[in-house]
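See below for model.cif, which holds mmCIF, N, CA and C atoms.
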```cif
data_entry
loop_
_atom_site.label_atom_id
_atom_site.label_comp_id
_atom_site.auth_asym_id
_atom_site.auth_seq_id
_atom_site.Cartn_x
_atom_site.Cartn_y
_atom_site.Cartn_z
N MET A 82 -15.53 24.56 9.50
CA MET A 82 -14.83 23.45 10.12
C MET A 82 -13.40 23.42 9.57
N SER A 83 -12.43 23.30 10.45
CA SER A 83 -11.04 23.31 10.02
C SER A 83 -10.68 22.01 9.32
N THR A 84 -9.59 22.05 8.56
CA THR A 84 -9.12 20.87 7.83
C THR A 84 -8.83 19.72 8.78
N SER A 85 -8.23 20.02 9.94
CA SER A 85 -7.90 18.95 10.89
C SER A 85 -9.15 18.29 11.46
N ARG A 86 -10.24 19.01 11.52
CA ARG A 86 -11.51 18.43 12.00
C ARG A 86 -12.26 17.73 10.87
N ARG A 87 -12.07 18.21 9.66
CA ARG A 87 -12.77 17.61 8.51
C ARG A 87 -12.18 16.28 8.10
N LEU A 88 -10.87 16.12 8.25
CA LEU A 88 -10.21 14.91 7.77
C LEU A 88 -10.80 13.63 8.36
N PRO A 89 -11.00 13.53 9.68
CA PRO A 89 -11.61 12.30 10.20
C PRO A 89 -13.02 12.06 9.66
N VAL A 90 -13.79 13.11 9.52
CA VAL A 90 -15.16 12.97 9.00
C VAL A 90 -15.11 12.48 7.55
N LEU A 91 -14.28 13.11 6.74
CA LEU A 91 -14.15 12.69 5.34
C LEU A 91 -13.61 11.26 5.24
N THR A 92 -12.72 10.91 6.14
CA THR A 92 -12.16 9.56 6.15
C THR A 92 -13.24 8.53 6.49
N LEU A 93 -14.04 8.81 7.49
CA LEU A 93 -15.12 7.90 7.86
C LEU A 93 -16.13 7.75 6.72
N VAL A 94 -16.50 8.85 6.11
CA VAL A 94 -17.44 8.79 4.98
C VAL A 94 -16.84 7.99 3.83
N THR A 95 -15.58 8.22 3.52
CA THR A 95 -14.92 7.48 2.44
C THR A 95 -14.89 5.99 2.75
N ASP A 96 -14.50 5.63 3.97
CA ASP A 96 -14.48 4.22 4.36
C ASP A 96 -15.87 3.59 4.22
N ALA A 97 -16.89 4.28 4.71
CA ALA A 97 -18.25 3.74 4.66
C ALA A 97 -18.74 3.58 3.23
N VAL A 98 -18.48 4.58 2.40
CA VAL A 98 -18.89 4.50 0.99
C VAL A 98 -18.21 3.31 0.31
N LEU A 99 -16.94 3.12 0.59
CA LEU A 99 -16.21 2.01 -0.04
C LEU A 99 -16.71 0.65 0.45
N VAL A 100 -17.13 0.55 1.70
CA VAL A 100 -17.71 -0.69 2.19
C VAL A 100 -19.05 -0.95 1.49
N VAL A 101 -19.83 0.09 1.28
CA VAL A 101 -21.09 -0.06 0.54
C VAL A 101 -20.82 -0.47 -0.91
N VAL A 102 -19.81 0.12 -1.53
CA VAL A 102 -19.43 -0.25 -2.90
C VAL A 102 -19.02 -1.72 -2.95
N PHE A 103 -18.25 -2.17 -1.96
CA PHE A 103 -17.85 -3.58 -1.87
C PHE A 103 -19.09 -4.48 -1.87
N ALA A 104 -20.06 -4.16 -1.03
CA ALA A 104 -21.28 -4.98 -0.94
C ALA A 104 -22.09 -4.90 -2.23
N ALA A 105 -22.17 -3.71 -2.82
CA ALA A 105 -22.92 -3.55 -4.06
C ALA A 105 -22.29 -4.34 -5.21
N ILE A 106 -20.98 -4.33 -5.29
CA ILE A 106 -20.29 -5.11 -6.32
C ILE A 106 -20.58 -6.60 -6.12
N GLY A 107 -20.50 -7.05 -4.89
CA GLY A 107 -20.79 -8.45 -4.60
C GLY A 107 -22.20 -8.84 -4.98
N ARG A 108 -23.16 -7.99 -4.65
CA ARG A 108 -24.55 -8.28 -5.00
C ARG A 108 -24.74 -8.26 -6.50
N ALA A 109 -24.15 -7.31 -7.18
CA ALA A 109 -24.30 -7.22 -8.63
C ALA A 109 -23.67 -8.43 -9.32
N THR A 110 -22.57 -8.91 -8.76
CA THR A 110 -21.86 -10.04 -9.34
C THR A 110 -22.62 -11.35 -9.13
N HIS A 111 -23.18 -11.54 -7.95
CA HIS A 111 -23.77 -12.83 -7.62
C HIS A 111 -25.28 -12.87 -7.68
N ASP A 112 -25.92 -11.76 -7.38
CA ASP A 112 -27.37 -11.74 -7.32
C ASP A 112 -27.98 -11.05 -8.53
N GLY A 113 -27.24 -10.15 -9.14
CA GLY A 113 -27.76 -9.41 -10.29
C GLY A 113 -28.51 -8.16 -9.90
N ALA A 114 -29.20 -8.19 -8.77
CA ALA A 114 -29.97 -7.04 -8.31
C ALA A 114 -29.27 -6.43 -7.11
N VAL A 115 -28.66 -5.28 -7.31
CA VAL A 115 -27.89 -4.66 -6.23
C VAL A 115 -28.76 -4.37 -5.02
N LEU A 116 -29.92 -3.78 -5.24
CA LEU A 116 -30.78 -3.40 -4.11
C LEU A 116 -31.60 -4.57 -3.58
N GLY A 117 -31.90 -5.55 -4.41
CA GLY A 117 -32.69 -6.70 -3.97
C GLY A 117 -34.16 -6.34 -3.81
N PRO A 118 -34.93 -7.28 -3.26
CA PRO A 118 -36.36 -7.05 -3.11
C PRO A 118 -36.66 -5.91 -2.13
N LEU A 119 -37.47 -5.00 -2.59
CA LEU A 119 -37.86 -3.83 -1.79
C LEU A 119 -36.68 -3.00 -1.31
N GLY A 120 -35.54 -3.14 -1.97
CA GLY A 120 -34.36 -2.36 -1.62
C GLY A 120 -33.64 -2.84 -0.38
N THR A 121 -34.03 -3.98 0.16
CA THR A 121 -33.43 -4.46 1.41
C THR A 121 -32.21 -5.36 1.18
N GLY A 122 -32.00 -5.80 -0.03
CA GLY A 122 -30.90 -6.72 -0.31
C GLY A 122 -29.54 -6.12 0.00
N LEU A 123 -29.29 -4.91 -0.47
CA LEU A 123 -28.01 -4.26 -0.21
C LEU A 123 -27.83 -4.02 1.28
N LEU A 124 -28.88 -3.59 1.94
CA LEU A 124 -28.79 -3.35 3.39
C LEU A 124 -28.47 -4.64 4.13
N THR A 125 -29.10 -5.73 3.74
CA THR A 125 -28.84 -7.02 4.38
C THR A 125 -27.39 -7.44 4.19
N THR A 126 -26.86 -7.19 3.01
CA THR A 126 -25.49 -7.58 2.70
C THR A 126 -24.47 -6.68 3.39
N VAL A 127 -24.72 -5.39 3.46
CA VAL A 127 -23.70 -4.44 3.91
C VAL A 127 -23.67 -4.23 5.42
N TRP A 128 -24.78 -4.43 6.12
CA TRP A 128 -24.81 -4.04 7.53
C TRP A 128 -23.72 -4.71 8.38
N PRO A 129 -23.40 -6.00 8.18
CA PRO A 129 -22.36 -6.57 9.03
C PRO A 129 -21.00 -5.87 8.88
N PHE A 130 -20.71 -5.45 7.67
CA PHE A 130 -19.42 -4.82 7.41
C PHE A 130 -19.42 -3.35 7.82
N LEU A 131 -20.54 -2.67 7.70
CA LEU A 131 -20.62 -1.30 8.21
C LEU A 131 -20.54 -1.28 9.74
N ALA A 132 -21.21 -2.23 10.38
CA ALA A 132 -21.12 -2.33 11.85
C ALA A 132 -19.69 -2.64 12.27
N ALA A 133 -19.05 -3.55 11.55
CA ALA A 133 -17.66 -3.89 11.86
C ALA A 133 -16.73 -2.70 11.62
N LEU A 134 -16.99 -1.95 10.56
CA LEU A 134 -16.20 -0.74 10.29
C LEU A 134 -16.33 0.25 11.44
N ALA A 135 -17.56 0.47 11.89
CA ALA A 135 -17.79 1.40 13.01
C ALA A 135 -17.06 0.93 14.26
N LEU A 136 -17.16 -0.36 14.56
CA LEU A 136 -16.43 -0.89 15.72
C LEU A 136 -14.92 -0.78 15.51
N GLY A 137 -14.48 -1.01 14.29
CA GLY A 137 -13.06 -0.86 13.97
C GLY A 137 -12.58 0.56 14.20
N TRP A 138 -13.39 1.54 13.85
CA TRP A 138 -13.04 2.93 14.11
C TRP A 138 -12.88 3.17 15.61
N LEU A 139 -13.82 2.63 16.39
CA LEU A 139 -13.74 2.83 17.85
C LEU A 139 -12.55 2.09 18.45
N ILE A 140 -12.32 0.88 18.02
CA ILE A 140 -11.23 0.06 18.58
C ILE A 140 -9.86 0.64 18.24
N THR A 141 -9.69 1.09 17.00
CA THR A 141 -8.38 1.53 16.54
C THR A 141 -8.13 3.02 16.69
N GLY A 142 -9.17 3.80 16.97
CA GLY A 142 -9.00 5.25 17.10
C GLY A 142 -8.54 5.91 15.81
N VAL A 143 -9.16 5.54 14.71
CA VAL A 143 -8.76 6.03 13.39
C VAL A 143 -8.72 7.56 13.34
N TRP A 144 -9.61 8.23 14.04
CA TRP A 144 -9.68 9.70 13.98
C TRP A 144 -8.37 10.37 14.41
N ARG A 145 -7.54 9.66 15.18
CA ARG A 145 -6.26 10.25 15.62
C ARG A 145 -5.24 10.33 14.49
N ALA A 146 -5.27 9.38 13.59
CA ALA A 146 -4.34 9.34 12.45
C ALA A 146 -5.07 8.70 11.27
N PRO A 147 -6.03 9.41 10.68
CA PRO A 147 -6.91 8.81 9.68
C PRO A 147 -6.22 8.22 8.45
N LEU A 148 -5.08 8.78 8.08
CA LEU A 148 -4.41 8.31 6.86
C LEU A 148 -3.26 7.34 7.13
N ALA A 149 -2.97 7.06 8.38
CA ALA A 149 -1.84 6.17 8.72
C ALA A 149 -2.15 4.75 8.27
N LEU A 150 -1.34 4.24 7.36
CA LEU A 150 -1.57 2.90 6.83
C LEU A 150 -1.34 1.81 7.87
N VAL A 151 -0.20 1.84 8.52
CA VAL A 151 0.16 0.76 9.43
C VAL A 151 -0.53 0.93 10.78
N ARG A 152 -0.51 2.13 11.31
CA ARG A 152 -1.05 2.36 12.66
C ARG A 152 -2.57 2.22 12.73
N THR A 153 -3.27 2.71 11.73
CA THR A 153 -4.73 2.63 11.79
C THR A 153 -5.34 1.88 10.62
N GLY A 154 -4.78 2.01 9.44
CA GLY A 154 -5.38 1.37 8.26
C GLY A 154 -5.41 -0.15 8.35
N LEU A 155 -4.27 -0.75 8.67
CA LEU A 155 -4.21 -2.22 8.76
C LEU A 155 -5.11 -2.77 9.86
N PRO A 156 -5.06 -2.21 11.09
CA PRO A 156 -5.97 -2.73 12.12
C PRO A 156 -7.44 -2.51 11.76
N LEU A 157 -7.76 -1.37 11.17
CA LEU A 157 -9.15 -1.11 10.76
C LEU A 157 -9.60 -2.15 9.74
N TRP A 158 -8.75 -2.42 8.76
CA TRP A 158 -9.07 -3.43 7.74
C TRP A 158 -9.30 -4.79 8.40
N ALA A 159 -8.40 -5.19 9.29
CA ALA A 159 -8.52 -6.50 9.94
C ALA A 159 -9.81 -6.62 10.75
N VAL A 160 -10.12 -5.60 11.53
CA VAL A 160 -11.33 -5.62 12.34
C VAL A 160 -12.56 -5.66 11.43
N THR A 161 -12.56 -4.87 10.38
CA THR A 161 -13.70 -4.82 9.47
C THR A 161 -13.94 -6.18 8.82
N VAL A 162 -12.88 -6.83 8.38
CA VAL A 162 -13.04 -8.15 7.75
C VAL A 162 -13.48 -9.20 8.77
N VAL A 163 -12.74 -9.32 9.87
CA VAL A 163 -13.02 -10.38 10.84
C VAL A 163 -14.40 -10.21 11.47
N LEU A 164 -14.69 -9.03 12.00
CA LEU A 164 -15.99 -8.81 12.62
C LEU A 164 -17.12 -8.83 11.59
N GLY A 165 -16.85 -8.32 10.39
CA GLY A 165 -17.86 -8.36 9.34
C GLY A 165 -18.26 -9.79 8.99
N VAL A 166 -17.28 -10.66 8.86
CA VAL A 166 -17.56 -12.07 8.56
C VAL A 166 -18.29 -12.73 9.73
N ILE A 167 -17.87 -12.44 10.96
CA ILE A 167 -18.54 -13.00 12.14
C ILE A 167 -20.00 -12.55 12.20
N LEU A 168 -20.23 -11.25 12.01
CA LEU A 168 -21.60 -10.73 12.04
C LEU A 168 -22.44 -11.29 10.88
N ARG A 169 -21.81 -11.45 9.74
CA ARG A 169 -22.50 -12.04 8.59
C ARG A 169 -22.93 -13.47 8.91
N ALA A 170 -22.02 -14.25 9.49
CA ALA A 170 -22.34 -15.63 9.86
C ALA A 170 -23.44 -15.66 10.93
N ALA A 171 -23.33 -14.77 11.92
CA ALA A 171 -24.32 -14.73 13.00
C ALA A 171 -25.72 -14.38 12.49
N SER A 172 -25.78 -13.65 11.37
CA SER A 172 -27.09 -13.27 10.82
C SER A 172 -27.61 -14.29 9.81
N GLY A 173 -26.89 -15.42 9.70
CA GLY A 173 -27.37 -16.49 8.82
C GLY A 173 -26.99 -16.35 7.37
N GLN A 174 -26.09 -15.44 7.06
CA GLN A 174 -25.62 -15.28 5.69
C GLN A 174 -24.41 -16.17 5.45
N GLY A 175 -24.19 -16.53 4.22
CA GLY A 175 -23.10 -17.44 3.89
C GLY A 175 -21.72 -16.83 4.09
N ILE A 176 -20.78 -17.69 4.45
CA ILE A 176 -19.39 -17.25 4.62
C ILE A 176 -18.42 -18.27 4.03
N ALA A 177 -18.65 -18.65 2.81
CA ALA A 177 -17.74 -19.58 2.14
C ALA A 177 -16.33 -19.01 2.16
N ILE A 178 -15.34 -19.89 2.18
CA ILE A 178 -13.94 -19.45 2.25
C ILE A 178 -13.60 -18.53 1.08
N ALA A 179 -14.14 -18.81 -0.09
CA ALA A 179 -13.89 -17.93 -1.24
C ALA A 179 -14.42 -16.52 -0.97
N PHE A 180 -15.57 -16.42 -0.34
CA PHE A 180 -16.11 -15.11 0.01
C PHE A 180 -15.19 -14.38 0.97
N VAL A 181 -14.71 -15.08 1.99
CA VAL A 181 -13.84 -14.46 2.98
C VAL A 181 -12.57 -13.95 2.31
N ILE A 182 -12.00 -14.73 1.42
CA ILE A 182 -10.78 -14.32 0.72
C ILE A 182 -11.04 -13.09 -0.15
N VAL A 183 -12.12 -13.12 -0.92
CA VAL A 183 -12.45 -11.98 -1.79
C VAL A 183 -12.76 -10.74 -0.95
N ALA A 184 -13.49 -10.92 0.14
CA ALA A 184 -13.81 -9.79 1.02
C ALA A 184 -12.53 -9.19 1.59
N ALA A 185 -11.63 -10.04 2.05
CA ALA A 185 -10.37 -9.55 2.63
C ALA A 185 -9.55 -8.78 1.60
N ILE A 186 -9.44 -9.32 0.41
CA ILE A 186 -8.64 -8.65 -0.64
C ILE A 186 -9.30 -7.35 -1.08
N THR A 187 -10.60 -7.40 -1.33
CA THR A 187 -11.31 -6.20 -1.82
C THR A 187 -11.27 -5.10 -0.77
N LEU A 188 -11.55 -5.45 0.48
CA LEU A 188 -11.54 -4.43 1.53
C LEU A 188 -10.13 -3.90 1.78
N ALA A 189 -9.11 -4.73 1.58
CA ALA A 189 -7.73 -4.24 1.69
C ALA A 189 -7.46 -3.21 0.60
N VAL A 190 -7.84 -3.54 -0.62
CA VAL A 190 -7.64 -2.59 -1.73
C VAL A 190 -8.40 -1.30 -1.45
N PHE A 191 -9.63 -1.40 -0.99
CA PHE A 191 -10.45 -0.21 -0.76
C PHE A 191 -9.98 0.59 0.46
N LEU A 192 -9.87 -0.05 1.62
CA LEU A 192 -9.58 0.69 2.85
C LEU A 192 -8.11 1.12 2.96
N LEU A 193 -7.21 0.34 2.38
CA LEU A 193 -5.80 0.70 2.42
C LEU A 193 -5.38 1.47 1.17
N GLY A 194 -5.96 1.11 0.04
CA GLY A 194 -5.57 1.73 -1.23
C GLY A 194 -5.81 3.22 -1.27
N TRP A 195 -6.98 3.66 -0.85
CA TRP A 195 -7.24 5.10 -0.92
C TRP A 195 -6.36 5.86 0.07
N ARG A 196 -6.04 5.24 1.20
CA ARG A 196 -5.13 5.89 2.15
C ARG A 196 -3.73 6.03 1.56
N ALA A 197 -3.27 4.99 0.87
CA ALA A 197 -1.95 5.05 0.24
C ALA A 197 -1.90 6.16 -0.80
N ILE A 198 -2.94 6.28 -1.60
CA ILE A 198 -3.00 7.35 -2.61
C ILE A 198 -3.03 8.71 -1.93
N ALA A 199 -3.85 8.85 -0.88
CA ALA A 199 -3.93 10.13 -0.16
C ALA A 199 -2.58 10.50 0.45
N LEU A 200 -1.88 9.53 1.01
CA LEU A 200 -0.56 9.80 1.58
C LEU A 200 0.43 10.26 0.52
N LEU A 201 0.39 9.64 -0.65
CA LEU A 201 1.26 10.07 -1.75
C LEU A 201 0.97 11.51 -2.15
N ILE A 202 -0.29 11.87 -2.20
CA ILE A 202 -0.68 13.23 -2.57
C ILE A 202 -0.20 14.22 -1.50
N VAL A 203 -0.43 13.89 -0.23
CA VAL A 203 -0.01 14.77 0.87
C VAL A 203 1.51 14.96 0.83
N ARG A 204 2.24 13.88 0.67
CA ARG A 204 3.70 13.97 0.65
C ARG A 204 4.20 14.77 -0.56
N SER A 205 3.57 14.58 -1.72
CA SER A 205 4.02 15.32 -2.90
C SER A 205 3.71 16.81 -2.75
N ARG A 206 2.62 17.14 -2.09
CA ARG A 206 2.28 18.55 -1.86
C ARG A 206 3.25 19.17 -0.87
N ARG A 207 3.65 18.41 0.14
CA ARG A 207 4.64 18.93 1.10
C ARG A 207 5.96 19.21 0.42
N ARG A 208 6.38 18.29 -0.46
CA ARG A 208 7.64 18.49 -1.18
C ARG A 208 7.55 19.69 -2.10
N ALA A 209 6.40 19.91 -2.70
CA ALA A 209 6.22 21.01 -3.64
C ALA A 209 6.25 22.37 -2.93
N THR A 210 5.86 22.39 -1.67
CA THR A 210 5.84 23.67 -0.94
C THR A 210 7.17 23.99 -0.27
N ARG A 211 8.12 23.09 -0.34
CA ARG A 211 9.44 23.35 0.28
C ARG A 211 10.30 24.22 -0.59
#
```

How does the structure come out when it is put into structure tokens?
Amino acid sequence: MSTSRRLPVLTLVTDAVLVVVFAAIGRATHDGAVLGPLGTGLLTTVWPFLAALALGWLITGVWRAPLALVRTGLPLWAVTVVLGVILRAASGQGIAIAFVIVAAITLAVFLLGWRAIALLIVRSRRRATR
């Protein structure tokens, strides 16, 4: 598989892993048991945000410019947070304002932060090859 084909796949996997890490940190902080009873706790917590991430990928077309912060990163983050909170509320899970704020900040750091670092690496490598 060529690098141009691998990048969107690696980007999607990275985004999904970071959303799972976000949910796991939240569960560990508030519940103490990351996986919960019978291992379903993490799944219950993460599914709204993974579903929102998937919809965000479809809505924003992330695969066209996976590392673009403004063009795809910001809209992906917004869709993931907004739809994730809506799906969480629809499934009967809590959505206190403090949770929404922490989710928005954490997902911004995760979904935008790694892209910013990747862009810095790509740009520094381009400069080094000139």

Applying the PyMOL selection byres (((chain A and resi 104 and name CA) around 10) and name CA) to the file I just gave you, which residues come out? Please list them as a PyMOL selection string. chain A and resi 98-103+105-110+115+122-128+130-131+184

With the PyMOL selection byres (((chain A and resi 157 and name CA) around 10) and name CA) as the selection, what would be picked from this file? Answer as a PyMOL selection string, please. chain A and resi 96+133-143+150-156+158-162+189+192-193

Which value, in Å to one decimal, gives the distance between atom N of A:Ile167 and atom CA of A:Pro129?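 Here the two named atoms are 7.6 Å from each other.
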
Write out as a short mmCIF file (atom, residue, chain, number, x, y, z; two decimals) with N, CA and C atoms, in the frame of the given file the residues lying within 8 Å of stretch 197-201 of chain A, counting all atoms listed in the file and excluding same-chain residues fewer than 6 positions away.
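Produced file part.cif, reproduced below:
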```cif
data_model
loop_
_atom_site.label_atom_id
_atom_site.label_comp_id
_atom_site.auth_asym_id
_atom_site.auth_seq_id
_atom_site.Cartn_x
_atom_site.Cartn_y
_atom_site.Cartn_z
N LEU A 148 -5.08 8.78 8.08
CA LEU A 148 -4.41 8.31 6.86
C LEU A 148 -3.26 7.34 7.13
N ALA A 149 -2.97 7.06 8.38
CA ALA A 149 -1.84 6.17 8.72
C ALA A 149 -2.15 4.75 8.27
N LEU A 150 -1.34 4.24 7.36
CA LEU A 150 -1.57 2.90 6.83
C LEU A 150 -1.34 1.81 7.87
N ARG A 207 3.65 18.41 0.14
CA ARG A 207 4.64 18.93 1.10
C ARG A 207 5.96 19.21 0.42
#
```

So that I can check the secondary structure, give me every residue of chain A assigned helix (DSSP H, G or I) by backbone DSSP, as a VMD selection string. chain A and resid 84 to 111 118 to 141 143 to 145 150 to 171 178 to 209

Between atom N of A:Val183 and atom C of A:Pro147, what distance in Å does the model show, to one decimal?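 Rounded to one decimal, the two atoms are 24.0 Å apart.
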
Atom pair atom CA of A:Arg169 + atom CA of A:Leu93, distance 21.3 Å

Name the closest residue to A:His111 among the candidates A:Thr210, A:Ile186, A:Phe180, A:Pro89; distances are taken between atoms, counting only C-alpha atoms. A:Phe180

Missing atoms in stretch 103-119 of chain A should be modelled up to N, CA, C and O atoms and reported as an mmCIF file, in the coordinates of the input.
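New file out-v3.cif:
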```
data_model
loop_
_atom_site.group_PDB
_atom_site.id
_atom_site.type_symbol
_atom_site.label_atom_id
_atom_site.label_comp_id
_atom_site.auth_asym_id
_atom_site.auth_seq_id
_atom_site.Cartn_x
_atom_site.Cartn_y
_atom_site.Cartn_z
ATOM 1 N N PHE A 103 -18.250 -2.170 -1.960
ATOM 2 C CA PHE A 103 -17.850 -3.580 -1.870
ATOM 3 C C PHE A 103 -19.090 -4.480 -1.870
ATOM 4 O O PHE A 103 -19.177 -5.447 -2.629
ATOM 5 N N ALA A 104 -20.060 -4.160 -1.030
ATOM 6 C CA ALA A 104 -21.280 -4.980 -0.940
ATOM 7 C C ALA A 104 -22.090 -4.900 -2.230
ATOM 8 O O ALA A 104 -22.629 -5.913 -2.692
ATOM 9 N N ALA A 105 -22.170 -3.710 -2.820
ATOM 10 C CA ALA A 105 -22.920 -3.550 -4.060
ATOM 11 C C ALA A 105 -22.290 -4.340 -5.210
ATOM 12 O O ALA A 105 -23.005 -4.971 -6.007
ATOM 13 N N ILE A 106 -20.980 -4.330 -5.290
ATOM 14 C CA ILE A 106 -20.290 -5.110 -6.320
ATOM 15 C C ILE A 106 -20.580 -6.600 -6.120
ATOM 16 O O ILE A 106 -20.868 -7.320 -7.086
ATOM 17 N N GLY A 107 -20.500 -7.050 -4.890
ATOM 18 C CA GLY A 107 -20.790 -8.450 -4.600
ATOM 19 C C GLY A 107 -22.200 -8.840 -4.980
ATOM 20 O O GLY A 107 -22.437 -9.876 -5.603
ATOM 21 N N ARG A 108 -23.160 -7.990 -4.650
ATOM 22 C CA ARG A 108 -24.550 -8.280 -5.000
ATOM 23 C C ARG A 108 -24.740 -8.260 -6.500
ATOM 24 O O ARG A 108 -25.423 -9.123 -7.054
ATOM 25 N N ALA A 109 -24.150 -7.310 -7.180
ATOM 26 C CA ALA A 109 -24.300 -7.220 -8.630
ATOM 27 C C ALA A 109 -23.670 -8.430 -9.320
ATOM 28 O O ALA A 109 -24.189 -8.928 -10.316
ATOM 29 N N THR A 110 -22.570 -8.910 -8.760
ATOM 30 C CA THR A 110 -21.860 -10.040 -9.340
ATOM 31 C C THR A 110 -22.620 -11.350 -9.130
ATOM 32 O O THR A 110 -22.702 -12.174 -10.037
ATOM 33 N N HIS A 111 -23.180 -11.540 -7.950
ATOM 34 C CA HIS A 111 -23.770 -12.830 -7.620
ATOM 35 C C HIS A 111 -25.280 -12.870 -7.680
ATOM 36 O O HIS A 111 -25.854 -13.911 -7.963
ATOM 37 N N ASP A 112 -25.920 -11.760 -7.380
ATOM 38 C CA ASP A 112 -27.370 -11.740 -7.320
ATOM 39 C C ASP A 112 -27.980 -11.050 -8.530
ATOM 40 O O ASP A 112 -29.122 -11.304 -8.873
ATOM 41 N N GLY A 113 -27.240 -10.150 -9.140
ATOM 42 C CA GLY A 113 -27.760 -9.410 -10.290
ATOM 43 C C GLY A 113 -28.510 -8.160 -9.900
ATOM 44 O O GLY A 113 -28.483 -7.177 -10.608
ATOM 45 N N ALA A 114 -29.200 -8.190 -8.770
ATOM 46 C CA ALA A 114 -29.970 -7.040 -8.310
ATOM 47 C C ALA A 114 -29.270 -6.430 -7.110
ATOM 48 O O ALA A 114 -29.279 -7.006 -6.025
ATOM 49 N N VAL A 115 -28.660 -5.280 -7.310
ATOM 50 C CA VAL A 115 -27.890 -4.660 -6.230
ATOM 51 C C VAL A 115 -28.760 -4.370 -5.020
ATOM 52 O O VAL A 115 -28.396 -4.690 -3.891
ATOM 53 N N LEU A 116 -29.920 -3.780 -5.240
ATOM 54 C CA LEU A 116 -30.780 -3.400 -4.110
ATOM 55 C C LEU A 116 -31.600 -4.570 -3.580
ATOM 56 O O LEU A 116 -31.980 -4.573 -2.417
ATOM 57 N N GLY A 117 -31.900 -5.550 -4.410
ATOM 58 C CA GLY A 117 -32.690 -6.700 -3.970
ATOM 59 C C GLY A 117 -34.160 -6.340 -3.810
ATOM 60 O O GLY A 117 -34.595 -5.237 -4.130
ATOM 61 N N PRO A 118 -34.930 -7.280 -3.260
ATOM 62 C CA PRO A 118 -36.360 -7.050 -3.110
ATOM 63 C C PRO A 118 -36.660 -5.910 -2.130
ATOM 64 O O PRO A 118 -36.111 -5.870 -1.032
ATOM 65 N N LEU A 119 -37.470 -5.000 -2.590
ATOM 66 C CA LEU A 119 -37.860 -3.830 -1.790
ATOM 67 C C LEU A 119 -36.680 -3.000 -1.310
ATOM 68 O O LEU A 119 -36.768 -2.275 -0.331
#
```
